[in-house]
Every structure is written in structure tokens, then in C-alpha cells.
$ cat protein23.txt   # compact mmCIF, C-alpha atoms
# COMPACT_ATOMS: atom_id res chain seq x y z
CA ILE A 181 42.50 24.35 1.32
CA THR A 182 42.54 22.00 4.30
CA LEU A 183 42.97 18.39 3.24
CA ASP A 184 41.42 15.55 5.24
CA LEU A 185 43.94 12.71 5.41
CA ALA A 186 41.32 10.14 6.39
CA LYS A 187 39.18 11.01 3.36
CA ILE A 188 42.20 10.82 1.06
CA GLU A 189 43.11 7.35 2.39
CA LYS A 190 39.52 6.19 1.97
CA HIS A 191 39.47 7.51 -1.58
CA LEU A 192 42.76 5.80 -2.50
CA TYR A 193 41.41 2.52 -1.14
CA GLN A 194 37.96 2.66 -2.71
CA GLN A 195 38.57 4.58 -5.95
CA PRO A 196 42.29 4.64 -6.70
CA LEU A 197 41.83 5.56 -10.36
CA MET A 198 39.13 8.21 -9.86
CA PRO A 199 39.86 11.92 -9.24
CA TYR A 200 39.80 13.24 -5.68
CA PRO A 201 37.76 16.46 -5.26
CA LEU A 202 39.89 19.11 -3.60
CA LEU A 203 37.33 21.91 -3.62
CA SER A 204 33.64 22.10 -4.49
CA ASP A 205 30.98 24.81 -4.79
CA LEU A 206 33.19 27.29 -6.66
CA SER A 207 31.68 30.65 -7.51
CA ILE A 208 31.59 31.77 -11.15
CA ASN A 209 34.48 34.18 -10.50
CA GLN A 210 36.57 31.49 -8.80
CA PHE A 211 35.88 29.09 -11.64
CA ALA A 212 36.92 31.70 -14.22
CA ARG A 213 40.16 32.58 -12.37
CA LEU A 214 41.19 28.94 -12.02
CA THR A 215 40.46 28.32 -15.69
CA GLU A 216 42.91 31.07 -16.57
CA LEU A 217 45.60 29.93 -14.14
CA LEU A 218 45.67 26.14 -14.70
CA ARG A 219 47.99 24.75 -17.34
CA VAL A 220 46.60 22.33 -19.92
CA ASP A 221 48.73 19.50 -18.53
CA ALA A 222 48.09 20.37 -14.86
CA PRO A 223 47.22 17.43 -12.57
CA ILE A 224 44.39 19.57 -11.17
CA GLN A 225 41.27 19.63 -13.35
CA LEU A 226 38.03 21.59 -13.28
CA GLN A 227 34.85 19.55 -13.64
CA VAL A 228 31.24 20.68 -13.81
CA GLN A 229 28.75 18.74 -11.72
CA SER A 230 24.97 18.99 -11.61
CA LEU A 231 23.37 19.99 -8.33
CA ARG A 232 19.68 19.93 -7.49
CA THR A 233 18.03 23.09 -6.20
CA TYR A 234 14.50 23.56 -4.87
CA PRO A 235 13.25 27.11 -5.68
CA GLN A 236 10.22 26.78 -3.39
CA GLY A 237 12.31 25.90 -0.35
CA SER A 238 10.36 23.90 2.22
CA VAL A 239 7.04 24.13 0.34
CA ALA A 240 5.77 20.63 -0.52
CA SER A 241 9.04 19.13 0.73
CA HIS A 242 7.41 15.86 1.81
CA VAL A 243 6.00 15.44 -1.70
CA LEU A 244 9.20 16.42 -3.52
CA GLY A 245 11.70 14.74 -1.22
CA PHE A 246 15.37 15.40 -1.93
CA VAL A 247 18.51 13.95 -3.50
CA ALA A 248 21.87 13.38 -1.87
CA MET A 249 25.33 12.29 -2.88
CA ARG A 250 25.67 8.52 -2.71
CA GLU A 251 28.75 6.90 -1.23
CA PRO A 252 30.76 4.77 -3.72
CA PRO A 253 30.47 0.98 -3.47
CA SER A 254 32.68 -0.46 -0.73
CA ASP A 255 32.81 -4.12 -1.74
CA ASP A 256 35.83 -5.79 -3.34
CA SER A 257 34.58 -5.81 -6.93
CA ASN A 258 36.41 -3.94 -9.68
CA LEU A 259 33.33 -1.75 -10.12
CA ARG A 260 34.54 0.43 -7.25
CA THR A 261 37.10 2.03 -9.56
CA PHE A 262 34.53 3.17 -12.10
CA SER A 263 31.93 5.89 -12.24
CA PHE A 264 28.68 5.46 -10.38
CA LYS A 265 25.48 7.45 -10.02
CA GLU A 266 26.42 10.24 -7.65
CA GLN A 267 22.99 11.64 -6.74
CA VAL A 268 20.13 9.45 -5.63
CA GLY A 269 16.58 10.31 -4.55
CA LEU A 270 16.08 9.70 -0.85
CA ASN A 271 12.47 10.73 -0.26
CA GLY A 272 9.24 11.81 -1.96
CA VAL A 273 8.93 11.74 -5.75
CA GLU A 274 12.71 12.10 -5.95
CA LYS A 275 12.87 8.53 -4.63
CA SER A 276 9.76 7.10 -6.28
CA PHE A 277 10.70 8.44 -9.72
CA ASP A 278 14.49 8.28 -9.34
CA ASP A 279 14.92 6.14 -12.47
CA VAL A 280 12.90 8.65 -14.54
CA LEU A 281 14.47 11.82 -13.14
CA GLY A 282 18.04 10.61 -12.79
CA GLY A 283 18.89 9.92 -16.43
CA THR A 284 21.99 7.90 -17.37
CA MET A 285 25.52 8.57 -16.15
CA GLY A 286 28.21 9.16 -18.77
CA TYR A 287 31.80 8.00 -18.39
CA GLU A 288 35.25 7.93 -19.95
CA LEU A 289 37.96 5.28 -19.71
CA TRP A 290 41.57 6.42 -19.99
CA LEU A 291 44.94 4.71 -20.00
CA VAL A 292 47.25 6.24 -17.43
CA ASN A 293 51.00 6.04 -16.88
CA PRO A 294 52.58 4.81 -13.61
CA ALA A 295 52.47 8.38 -12.27
CA GLY A 296 48.68 8.48 -12.77
CA PHE A 297 48.62 10.88 -15.73
CA LYS A 298 46.12 10.16 -18.52
CA TYR A 299 47.50 9.75 -22.00
CA GLU A 300 44.91 7.88 -24.10
CA ARG A 301 41.10 7.77 -23.98
CA THR A 302 39.80 4.30 -24.82
CA GLU A 303 36.08 4.69 -24.26
CA HIS A 304 33.53 7.49 -23.99
CA VAL A 305 29.79 7.37 -23.24
CA SER A 306 27.79 10.58 -23.08
CA ALA A 307 25.45 11.26 -20.21
CA ALA A 308 21.71 11.33 -20.91
CA PRO A 309 19.44 13.73 -18.98
CA GLY A 310 16.48 12.48 -17.02
CA LYS A 311 12.92 12.97 -18.23
CA PRO A 312 10.81 15.84 -16.89
CA LEU A 313 8.07 15.02 -14.41
CA GLN A 314 5.10 17.29 -13.86
CA LEU A 315 3.26 17.01 -10.57
CA THR A 316 -0.42 17.54 -9.85
CA ILE A 317 0.36 19.87 -6.91
CA ASP A 318 -1.15 23.35 -7.20
CA MET A 319 1.57 25.53 -5.63
CA ARG A 320 -0.81 28.39 -4.83
CA LEU A 321 -3.04 26.03 -2.87
CA GLN A 322 -0.02 24.28 -1.34
CA ARG A 323 1.47 27.56 -0.10
CA ALA A 324 -1.88 28.74 1.27
CA LEU A 325 -2.45 25.49 3.15
CA GLU A 326 1.05 25.43 4.58
CA LYS A 327 0.76 29.07 5.68
CA SER A 328 -2.53 28.31 7.44
CA PHE A 329 -0.77 25.77 9.68
CA GLY A 330 1.54 28.35 11.20
CA ARG A 331 3.64 26.48 13.77
CA LYS A 332 1.05 23.76 14.35
CA ILE A 333 1.74 20.06 13.79
CA GLY A 334 -0.51 18.10 11.46
CA ALA A 335 -1.37 17.17 7.89
CA ALA A 336 -3.74 18.17 5.10
CA ALA A 337 -4.73 16.69 1.76
CA ALA A 338 -6.71 18.18 -1.13
CA ILE A 339 -7.82 15.91 -3.98
CA ASP A 340 -9.53 16.53 -7.31
CA VAL A 341 -12.68 14.47 -6.83
CA GLY A 342 -13.04 13.66 -10.53
CA THR A 343 -9.49 12.47 -11.24
CA GLY A 344 -7.86 11.60 -7.92
CA GLU A 345 -5.10 14.15 -8.60
CA VAL A 346 -3.58 15.42 -5.37
CA LEU A 347 -3.73 19.23 -5.50
CA SER A 348 -2.06 19.70 -2.14
CA LEU A 349 -0.42 17.44 0.43
CA VAL A 350 0.90 19.05 3.59
CA SER A 351 2.79 17.60 6.53
CA LYS A 352 4.02 19.83 9.34
CA PRO A 353 6.67 20.29 10.57
CA SER A 354 8.65 19.92 7.34
CA TYR A 355 12.20 20.55 6.15
CA ASN A 356 13.98 22.56 3.47
CA PRO A 357 15.54 20.12 0.97
CA ASN A 358 18.11 22.76 -0.01
CA ASP A 359 19.65 22.27 3.45
CA LEU A 360 20.30 18.62 2.61
CA ILE A 361 22.27 19.08 -0.62
CA PRO A 362 24.82 17.79 -1.43
CA SER A 363 24.76 16.13 2.00
CA PHE A 364 23.77 16.95 5.55
CA ASP A 365 25.36 16.53 8.95
CA ALA A 366 24.14 15.15 12.26
CA LYS A 367 23.19 18.64 13.47
CA THR A 368 20.82 19.17 10.53
CA ASN A 369 19.34 15.71 11.03
CA GLU A 370 18.74 16.41 14.72
CA ARG A 371 17.10 19.77 13.98
CA ILE A 372 14.61 18.10 11.63
CA ASN A 373 14.17 15.02 13.79
CA VAL A 374 13.46 16.84 17.06
CA HIS A 375 9.82 17.40 15.97
CA ASN A 376 9.74 14.29 13.75
CA GLY A 377 9.96 16.50 10.67
CA TRP A 378 11.09 13.61 8.46
CA MET A 379 7.68 11.98 8.87
CA ASN A 380 5.08 12.58 6.17
CA ARG A 381 2.05 12.69 8.43
CA ALA A 382 -0.39 12.70 5.52
CA ILE A 383 0.54 9.12 4.57
CA GLN A 384 2.44 7.85 7.61
CA GLY A 385 0.57 9.43 10.52
CA LEU A 386 -2.11 7.22 12.08
CA TYR A 387 -4.92 8.92 13.97
CA PRO A 388 -8.45 8.17 15.16
CA PRO A 389 -10.48 9.91 12.41
CA GLY A 390 -12.99 11.26 14.91
CA SER A 391 -16.39 12.41 13.77
CA THR A 392 -15.45 12.31 10.08
CA PHE A 393 -15.91 8.55 10.48
CA LYS A 394 -19.60 9.08 11.29
CA LEU A 395 -20.08 9.11 7.50
CA MET A 396 -19.05 5.43 7.43
CA THR A 397 -21.30 4.60 10.38
CA ALA A 398 -24.23 6.22 8.59
CA MET A 399 -23.51 4.39 5.31
CA ALA A 400 -23.14 1.08 7.16
CA ALA A 401 -26.42 1.58 9.05
CA ILE A 402 -28.27 2.43 5.82
CA GLY A 403 -26.75 -0.59 4.05
CA ALA A 404 -27.66 -2.91 6.93
CA VAL A 405 -31.23 -1.50 7.00
CA GLN A 406 -30.77 -0.48 10.64
CA LEU A 407 -31.86 3.08 10.06
CA ARG A 408 -34.99 4.64 8.62
CA LEU A 409 -33.94 7.76 6.74
CA ASP A 410 -36.53 10.02 8.38
CA GLU A 411 -36.30 8.39 11.80
CA LYS A 412 -35.61 10.78 14.69
CA ILE A 413 -33.50 9.79 17.69
CA ASN A 414 -33.64 11.75 20.92
CA CYS A 415 -30.37 13.19 22.23
CA PRO A 416 -30.49 14.31 25.90
CA GLY A 417 -26.75 15.04 25.91
CA PHE A 418 -25.52 11.54 26.76
CA LEU A 419 -26.28 7.85 26.25
CA GLN A 420 -25.99 5.30 29.03
CA ILE A 421 -24.19 2.14 27.91
CA GLY A 422 -23.27 -0.63 30.34
CA GLY A 423 -23.79 1.58 33.37
CA ARG A 424 -21.63 4.41 32.00
CA ASN A 425 -22.69 7.70 30.45
CA TYR A 426 -21.21 8.38 27.01
CA PRO A 427 -21.38 12.15 26.37
CA CYS A 428 -22.57 14.00 23.31
CA ASN A 429 -20.52 16.84 21.87
CA ASN A 430 -23.39 19.07 23.05
CA HIS A 431 -23.85 18.34 26.76
CA ALA A 432 -27.23 20.06 26.75
CA GLY A 433 -28.43 17.63 24.09
CA HIS A 434 -29.71 18.10 20.55
CA GLY A 435 -33.25 16.90 21.15
CA ASP A 436 -34.90 14.85 18.39
CA VAL A 437 -32.64 14.65 15.30
CA ASN A 438 -32.78 12.75 12.03
CA LEU A 439 -29.81 11.67 9.88
CA VAL A 440 -29.32 15.01 8.11
CA GLN A 441 -29.56 16.94 11.38
CA ALA A 442 -27.24 14.50 13.16
CA LEU A 443 -24.55 15.05 10.52
CA GLU A 444 -25.16 18.80 10.55
CA LYS A 445 -24.68 18.99 14.32
CA SER A 446 -22.33 15.98 14.61
CA CYS A 447 -24.53 14.44 17.30
CA ASN A 448 -22.64 11.70 19.17
CA VAL A 449 -25.73 10.17 20.77
CA TYR A 450 -27.36 9.64 17.37
CA PHE A 451 -24.33 7.73 16.10
CA TYR A 452 -23.85 5.81 19.35
CA THR A 453 -27.41 4.55 18.92
CA VAL A 454 -27.09 3.81 15.21
CA GLY A 455 -23.71 2.16 15.72
CA LEU A 456 -25.01 -0.17 18.43
CA ARG A 457 -27.84 -1.26 16.14
CA THR A 458 -25.54 -1.86 13.18
CA GLY A 459 -22.66 -3.58 14.99
CA PRO A 460 -18.89 -3.22 14.62
CA GLU A 461 -18.49 -5.87 11.91
CA ALA A 462 -20.88 -4.14 9.53
CA ILE A 463 -19.36 -0.72 10.24
CA MET A 464 -15.83 -1.97 9.56
CA ALA A 465 -16.98 -3.85 6.46
CA LYS A 466 -18.27 -0.54 5.07
CA ALA A 467 -14.97 1.17 5.97
CA LYS A 468 -13.08 -1.60 4.14
CA GLN A 469 -15.32 -1.08 1.12
CA PHE A 470 -14.11 2.54 1.08
CA GLY A 471 -10.46 1.45 1.29
CA LEU A 472 -9.70 2.40 4.88
CA ASP A 473 -8.02 -0.94 5.57
CA HIS A 474 -5.12 -0.58 3.10
CA PRO A 475 -2.68 2.02 1.72
CA THR A 476 -4.07 4.43 -0.87
CA GLY A 477 -1.40 3.53 -3.45
CA ILE A 478 -0.11 7.08 -3.94
CA GLU A 479 3.30 7.23 -5.67
CA LEU A 480 5.19 8.29 -2.55
CA PRO A 481 7.53 6.09 -0.51
CA GLY A 482 6.86 4.97 3.03
CA GLU A 483 3.05 4.92 3.10
CA THR A 484 2.04 3.08 6.25
CA ARG A 485 0.26 -0.27 6.28
CA ARG A 486 -0.56 -0.15 9.99
CA MET A 487 -4.04 1.36 9.70
CA ASN A 488 -6.54 -0.41 11.93
CA LEU A 489 -10.26 -1.15 11.70
CA PRO A 490 -11.00 -2.89 15.02
CA THR A 491 -13.56 -5.68 15.44
CA PRO A 492 -14.37 -8.09 18.29
CA ALA A 493 -12.17 -10.74 16.63
CA TRP A 494 -9.27 -8.27 16.36
CA LYS A 495 -9.55 -7.24 20.02
CA LYS A 496 -9.61 -10.84 21.19
CA GLU A 497 -6.57 -11.76 19.10
CA LYS A 498 -4.45 -8.65 19.72
CA LEU A 499 -5.49 -7.43 23.18
CA PHE A 500 -6.86 -10.69 24.65
CA GLU A 501 -9.93 -8.82 25.80
CA PRO A 502 -13.67 -9.12 25.09
CA TRP A 503 -15.48 -6.54 23.00
CA TYR A 504 -17.92 -4.32 24.88
CA ALA A 505 -20.87 -2.24 23.73
CA GLY A 506 -18.82 0.79 24.71
CA ASP A 507 -16.21 -0.21 22.13
CA THR A 508 -18.88 -0.12 19.45
CA ALA A 509 -20.03 3.31 20.63
CA ASN A 510 -16.45 4.61 20.44
CA VAL A 511 -15.70 3.35 16.94
CA ALA A 512 -19.10 4.58 15.71
CA ILE A 513 -17.87 8.15 16.31
CA GLY A 514 -14.34 7.46 15.02
CA GLN A 515 -12.58 6.92 18.35
CA GLY A 516 -11.16 3.92 20.23
CA ASP A 517 -8.63 1.71 18.45
CA LEU A 518 -9.65 2.97 15.01
CA LEU A 519 -6.65 4.37 13.09
CA THR A 520 -6.45 5.89 9.60
CA THR A 521 -4.22 8.35 7.72
CA PRO A 522 -5.33 11.85 6.65
CA LEU A 523 -4.92 10.90 2.97
CA GLN A 524 -7.13 7.84 3.44
CA MET A 525 -9.91 10.03 4.82
CA ALA A 526 -9.51 12.47 1.92
CA CYS A 527 -9.83 9.57 -0.53
CA MET A 528 -12.88 8.27 1.33
CA THR A 529 -14.53 11.68 1.05
CA ALA A 530 -13.67 12.00 -2.65
CA SER A 531 -15.24 8.60 -3.28
CA LEU A 532 -18.33 9.54 -1.32
CA ALA A 533 -18.69 12.69 -3.43
CA ARG A 534 -18.67 10.67 -6.66
CA GLY A 535 -21.12 8.07 -5.43
CA ASP A 536 -18.28 5.52 -5.57
CA THR A 537 -16.13 3.69 -3.00
CA GLN A 538 -12.56 3.76 -4.39
CA THR A 539 -10.22 6.68 -5.12
CA ILE A 540 -6.55 6.03 -5.91
CA PRO A 541 -4.67 9.32 -5.50
CA THR A 542 -1.83 10.40 -7.78
CA VAL A 543 0.84 13.12 -7.71
CA ALA A 544 2.09 12.48 -11.26
CA LYS A 545 0.39 14.66 -13.87
CA LYS A 546 -0.81 12.84 -16.97
CA GLU A 547 -1.52 14.46 -20.34
CA SER A 548 -5.06 13.14 -20.18
CA PRO A 549 -6.11 12.52 -16.55
CA THR A 550 -8.32 9.50 -16.08
CA GLU A 551 -11.85 10.45 -15.11
CA LEU A 552 -12.89 8.27 -12.18
CA SER A 553 -16.27 6.62 -12.26
CA ARG A 554 -19.29 8.54 -11.02
CA LYS A 555 -22.47 6.85 -9.90
CA PRO A 556 -25.86 8.34 -9.15
CA TYR A 557 -26.68 8.66 -5.45
CA ASP A 558 -29.37 6.39 -4.08
CA GLU A 559 -31.73 7.86 -1.49
CA GLY A 560 -29.62 6.97 1.52
CA TRP A 561 -26.43 8.28 -0.09
CA SER A 562 -28.23 11.52 -0.97
CA ARG A 563 -29.22 12.02 2.67
CA VAL A 564 -25.61 11.67 3.80
CA ILE A 565 -24.51 14.28 1.25
CA GLU A 566 -27.41 16.51 2.32
CA GLY A 567 -26.23 16.25 5.92
CA MET A 568 -22.70 17.27 4.86
CA LYS A 569 -24.11 20.27 2.99
CA ALA A 570 -26.04 21.28 6.10
CA ALA A 571 -22.88 20.94 8.21
CA ALA A 572 -21.06 23.35 5.88
CA THR A 573 -23.95 25.81 5.79
CA THR A 574 -25.34 26.07 9.32
CA GLY A 575 -23.68 23.23 11.23
CA THR A 576 -20.34 22.39 12.84
CA ALA A 577 -18.43 23.02 9.56
CA ARG A 578 -19.99 26.42 8.83
CA LEU A 579 -16.59 28.17 8.98
CA VAL A 580 -15.81 26.70 5.54
CA ARG A 581 -18.84 28.42 4.02
CA VAL A 582 -18.10 30.46 0.88
CA GLU A 583 -20.81 32.71 -0.51
CA GLY A 584 -22.11 31.44 -3.85
CA MET A 585 -20.39 28.06 -3.60
CA GLN A 586 -22.01 24.77 -2.61
CA ILE A 587 -19.84 22.88 -0.11
CA ALA A 588 -20.35 19.53 1.60
CA ALA A 589 -18.18 18.88 4.67
CA LYS A 590 -17.85 16.98 7.93
CA THR A 591 -15.92 18.08 10.99
CA GLY A 592 -13.91 15.73 13.18
CA THR A 593 -12.01 16.17 16.42
$ encode --input "protein23.txt" --output "C-alpha cells"
Amino acid sequence: ITLDLAKIEKHLYQQPLMPYPLLSDLSINQFARLTELLRVDAPIQLQVQSLRTYPQGSVASHVLGFVAMREPPSDDSNLRTFSFKEQVGLNGVEKSFDDVLGGTMGYELWLVNPAGFKYERTEHVSAAPGKPLQLTIDMRLQRALEKSFGRKIGAAAAIDVGTGEVLSLVSKPSYNPNDLIPSFDAKTNERINVHNGWMNRAIQGLYPPGSTFKLMTAMAAIGAVQLRLDEKINCPGFLQIGGRNYPCNNHAGHGDVNLVQALEKSCNVYFYTVGLRTGPEAIMAKAKQFGLDHPTGIELPGETRRMNLPTPAWKKEKLFEPWYAGDTANVAIGQGDLLTTPLQMACMTASLARGDTQTIPTVAKKESPTELSRKPYDEGWSRVIEGMKAAATTGTARLVRVEGMQIAAKTGT
């Protein structure tokens, strides 16, 4: 055994009455041999300590998080000589539900002689285990989604539409929490940090939602009565706005398309036109109604609050610039200064599927999951859903098609 003098001095200063660990992580054979060899009155003692393990390795690591050994208090209070909670949750549900999972620490108080040997126990409190916590994550789905990413960077979220239960939440790259227990060094931190692996992109990553936001533009236009449901708009492959050509995703043009066809083919020109009619304020008001202006409220730490739904007033205040028609065209197709998280967009889509506007996601399994409200689609809402079904059948999302299953989808760059 190699003893670290600096650690011993630190221990004597901070915890003079607590035992100093000479060796940890003993194998079963080593533990058995030492048990046989140590005398009853030996100053060296064997203690059993709990240690967290993660059988699934890196799978769902951003949801689970990890625990680590906590340094003892370093202030001048007498509490530094007593027991403290050794493991603390530092990320994911380990952090959010630390009080539930951690249980209560037990302790003993002993009288010791001047040489430091214990001779009388004066107090004993038994430890209490933490409570079990079941998550909503479906590990088969989680593993399949993570495998599909390969070495790519990104995020994915799958939500039960009826309950808001998160069935899968992926952020890549990730980390293996087993590498962080009981502690981790600077080299491990650097290896994870080099690709920003600590970041949970599903709730902390901010991205322009792209064409998935066309659903909000359509809903806003219908609500503002700026769109007749059967109206056809001609797409020649671009739209000229302020002397500049704004391209469609199909440079050859889509011809005359109505709402369902525009969603099926993800026609930019259609939504440029509809967005300009509706205006940025009405579009962003609809996005706010669907919760895209605030965190989802999932029980995971660190969810960002920096999402952005830009308006002319915002641009004037933050960028000191006027708002142009081109800005409206950009946000109408989910680009420009518009920023949301992947989980927000999943919640928006779940709400849309139920005919509602709010979905609060959860990763904590309840005995009786709360059924979220469902509302009948009005005619405009039905057309949007019809367009999503067409996208998943013959349109830009047709790769998700599964024989015998009805799917509604929307692609986004």
C-alpha cells in the first residue's frame, strides 16, 4: 500500500476522529483473507460500503445521471468530525431524486482513549435505505434509438401521447456512469468533455426546429383566418421577397398545393406565403400556446430556459435591428433566430396529436399514470393531421412508414 501523506494530513485536519481508508475496492477473496488475519482489537478495521453500479452502461446515461463521493465539509464547525452523506447524485434522476434514492445515513458515536482506540459506544442510529424509483424509459426502445445514432451527434425523444411518459430520451455523445464511480479524474472529464458529452442535448440543446415548425405556422394561419383550408398556392421553386429569392426545398417547384399537400411535400414557398399573411406575432403566439417559450418541466436537472421565439420587438431590443419580411419567411419554416429543444418539439407534437396544446413530460413512473386531456379536432386541426399522415405515407417522411400502422409525421432539416 502506498500512503499519500497529503491526504493523511488533510484527513487529520478535517476529520480527526473518523477512520482513514487505507485500501478500497477489495475483492471477495481479499476481504475473506483479511477477516481471518486481523485481530479483534486491531486498529485496522474492515467496513462494507455501498457502491452504485449501472448494469446498462452508457445506455440512458443522461436520464440516469450518476453518483459520486462527496468531499467532507471543510468549514470550522464541529460537524466536520461526524458522518456525512458520502454519495450524492450529480446528474439526471440521481440528482433530481437524490433525497428519495439516497435514504438516511446511519452513525455511531464512540468514546475513545488518548491513543484513539474506541472503548465505549454512546449512540447508534441505523441506516435507512432509499426508496425505489421506477422510470418510464423503455430500455428496448432506448437501446434501439441509441444504436441508430451510431457515432452521430444529436438527440431524440419518444413520448407516450396519452400520458406524457417519456419512453426514450437520447443525447449523443454520452458517457458511461460506471467510469465515474466512486470518482473520476481530469483525464476522464476531458474525454467526455471533448465532444461536449456532459450536455443533455434533448433538454439543453437549442436548435432551429426547421420544417417541423411549419405545423405551428399552419395552426397560426388557420387561427388567424389567413388561410382557406382548400386554397391552393402556386410554388415555382422560389418566392421573391424584398428583391431576394427565397428557395423552396424543391427547386423545380411543387406547382399548385393546398395545406395537406404542402405538409406532405414540406413546401417552403407555401409556408413563406402563409407566414407573411399571418405575421410573426401571431405565429409566435401560437408557438407560445404550445409551450415552446418555456421549459417542459421534466424532472431532470439543467433544462435550458434560453429558448427563443423571435418577434419584431425582440429583434429591436436584442439586436437593435428592424424586422424584415425575410425574417418572417425564415421563422415561418423554422429557421432564423428561432430556437427550441428536441424535447419541446416532441411535447408540441404529442399535444397536437391529442388535440390539445400542453404536454408536461415525466420520467418517473406512477402506479396510475394520469391520462392527459384529449379534445376533438376541429376542421383545420384535422387538415394538419391529414397532412402529417400524407407526409408519412407518400411524402418527405415516408421512410417511417410501417405496413399496417397509421403514422402521422413531419420532417425537419
$ residues_near_point --input "protein23.txt" --point "(43.1, 10.8, -3.3)" --cutoff "12 Å" --atoms "all atoms listed in the file" --output "list in words"
Leu183, Asp184, Leu185, Ala186, Lys187, Ile188, Glu189, Lys190, His191, Leu192, Tyr193, Gln194, Gln195, Pro196, Leu197, Met198, Pro199, Tyr200, Pro201, Leu202, Ile224 and Gly296 of chain A
$ atom_distance --input "protein23.txt" --atom1 "atom CA of A:Glu501" --atom2 "atom CA of A:Gly514"
20.0 Å
$ closest_residue --input "protein23.txt" --among "A:Arg381, A:Ile339, A:Ala462, A:Gln236" --to "A:Arg320" --atoms "only C-alpha atoms"
A:Gln236
$ closest_atom_pairs --input "protein23.txt" --of "stretch 343-415 of chain A" --to "stretch 455-458 of chain A" --cutoff "12 Å" --atoms "all atoms listed in the file" --output "Markdown table"
| residue | atom | partner | partner_atom | distance |
| --- | --- | --- | --- | --- |
| A:Phe393 | CA | A:Gly455 | CA | 11.4 |
| A:Lys394 | CA | A:Gly455 | CA | 9.2 |
| A:Leu395 | CA | A:Gly455 | CA | 11.4 |
| A:Met396 | CA | A:Gly455 | CA | 10.1 |
| A:Thr397 | CA | A:Gly455 | CA | 6.3 |
| A:Ala398 | CA | A:Gly455 | CA | 8.2 |
| A:Met399 | CA | A:Thr458 | CA | 10.3 |
| A:Ala400 | CA | A:Thr458 | CA | 7.1 |
| A:Ala401 | CA | A:Thr458 | CA | 5.4 |
| A:Ile402 | CA | A:Thr458 | CA | 8.9 |
| A:Gly403 | CA | A:Thr458 | CA | 9.3 |
| A:Ala404 | CA | A:Thr458 | CA | 6.7 |
| A:Val405 | CA | A:Thr458 | CA | 8.4 |
| A:Gln406 | CA | A:Thr458 | CA | 6.0 |
| A:Leu407 | CA | A:Arg457 | CA | 8.5 |
| A:Arg408 | CA | A:Arg457 | CA | 11.9 |
$ atom_distance --input "protein23.txt" --atom1 "atom CA of A:Ser446" --atom2 "atom CA of A:Gln420"
18.3 Å
$ closest_atom_pairs --input "protein23.txt" --of "stretch 437-492 of chain A" --to "stretch 521-533 of chain A" --cutoff "12 Å" --atoms "only C-alpha atoms" --output "CSV"
residue,atom,partner,partner_atom,distance
A:Lys466,CA,A:Met528,CA,11.0
A:Ala467,CA,A:Met528,CA,8.7
A:Lys468,CA,A:Met528,CA,10.3
A:Gln469,CA,A:Met528,CA,9.7
A:Phe470,CA,A:Met528,CA,5.9
A:Gly471,CA,A:Met528,CA,7.2
A:Leu472,CA,A:Gln524,CA,6.2
A:Asp473,CA,A:Gln524,CA,9.1
A:His474,CA,A:Gln524,CA,8.7
A:Pro475,CA,A:Gln524,CA,7.5
A:Thr476,CA,A:Gln524,CA,6.3
A:Gly477,CA,A:Gln524,CA,9.9
A:Ile478,CA,A:Leu523,CA,9.2
A:Leu480,CA,A:Leu523,CA,11.8
A:Glu483,CA,A:Thr521,CA,9.3
A:Thr484,CA,A:Thr521,CA,8.3
A:Arg485,CA,A:Thr521,CA,9.8
A:Arg486,CA,A:Thr521,CA,9.5
A:Met487,CA,A:Thr521,CA,7.3
A:Asn488,CA,A:Thr521,CA,10.0
A:Leu489,CA,A:Thr521,CA,11.9
$ closest_residue --input "protein23.txt" --among "A:Phe246, A:Leu313, A:Thr343, A:Val449" --to "A:Asn425" --atoms "only C-alpha atoms"
A:Val449
$ closest_residue --input "protein23.txt" --among "A:Met464, A:Ala509, A:Cys447, A:Val273" --to "A:Gly417" --atoms "all atoms listed in the file"
A:Cys447
$ closest_residue --input "protein23.txt" --among "A:Gln384, A:Gln227, A:Ala570, A:Leu218" --to "A:Leu206" --atoms "all atoms listed in the file"
A:Gln227
$ closest_residue --input "protein23.txt" --among "A:Gly310, A:Pro416, A:Gly390, A:Gly592" --to "A:Ala571" --atoms "only C-alpha atoms"
A:Gly592
$ closest_residue --input "protein23.txt" --among "A:Leu289, A:Ala493, A:Met568, A:Ala366" --to "A:Pro460" --atoms "all atoms listed in the file"
A:Ala493
$ atom_distance --input "protein23.txt" --atom1 "atom CA of A:Gly423" --atom2 "atom CA of A:Tyr387"
28.0 Å
$ residues_around --input "protein23.txt" --residues "stretch 552-556 of chain A" --least-positions-apart "3" --cutoff "8 Å" --atoms "all atoms listed in the file" --output "PyMOL selection string"
chain A and resi 342-344+534-536+539
$ residues_around --input "protein23.txt" --residues "A:Val247" --least-positions-apart "4" --cutoff "8 Å" --atoms "all atoms listed in the file" --output "VMD selection string"
chain A and resid 232 267 to 271 274 to 275 360 to 362
$ write_last_selection --input "protein23.txt" --atoms "C-alpha atoms" --output "PDB file, in the frame of the given file"
ATOM      1  CA  ARG A 232      19.680  19.930  -7.490  1.00  0.00           C
ATOM      2  CA  GLN A 267      22.990  11.640  -6.740  1.00  0.00           C
ATOM      3  CA  VAL A 268      20.130   9.450  -5.630  1.00  0.00           C
ATOM      4  CA  GLY A 269      16.580  10.310  -4.550  1.00  0.00           C
ATOM      5  CA  LEU A 270      16.080   9.700  -0.850  1.00  0.00           C
ATOM      6  CA  ASN A 271      12.470  10.730  -0.260  1.00  0.00           C
ATOM      7  CA  GLU A 274      12.710  12.100  -5.950  1.00  0.00           C
ATOM      8  CA  LYS A 275      12.870   8.530  -4.630  1.00  0.00           C
ATOM      9  CA  LEU A 360      20.300  18.620   2.610  1.00  0.00           C
ATOM     10  CA  ILE A 361      22.270  19.080  -0.620  1.00  0.00           C
ATOM     11  CA  PRO A 362      24.820  17.790  -1.430  1.00  0.00           C
TER      12      PRO A 362
END
$ residues_around --input "protein23.txt" --residues "A:Lys412" --least-positions-apart "3" --cutoff "7 Å" --atoms "only C-alpha atoms" --output "list of chain:residue names"
A:Asp436, A:Val437, A:Asn438
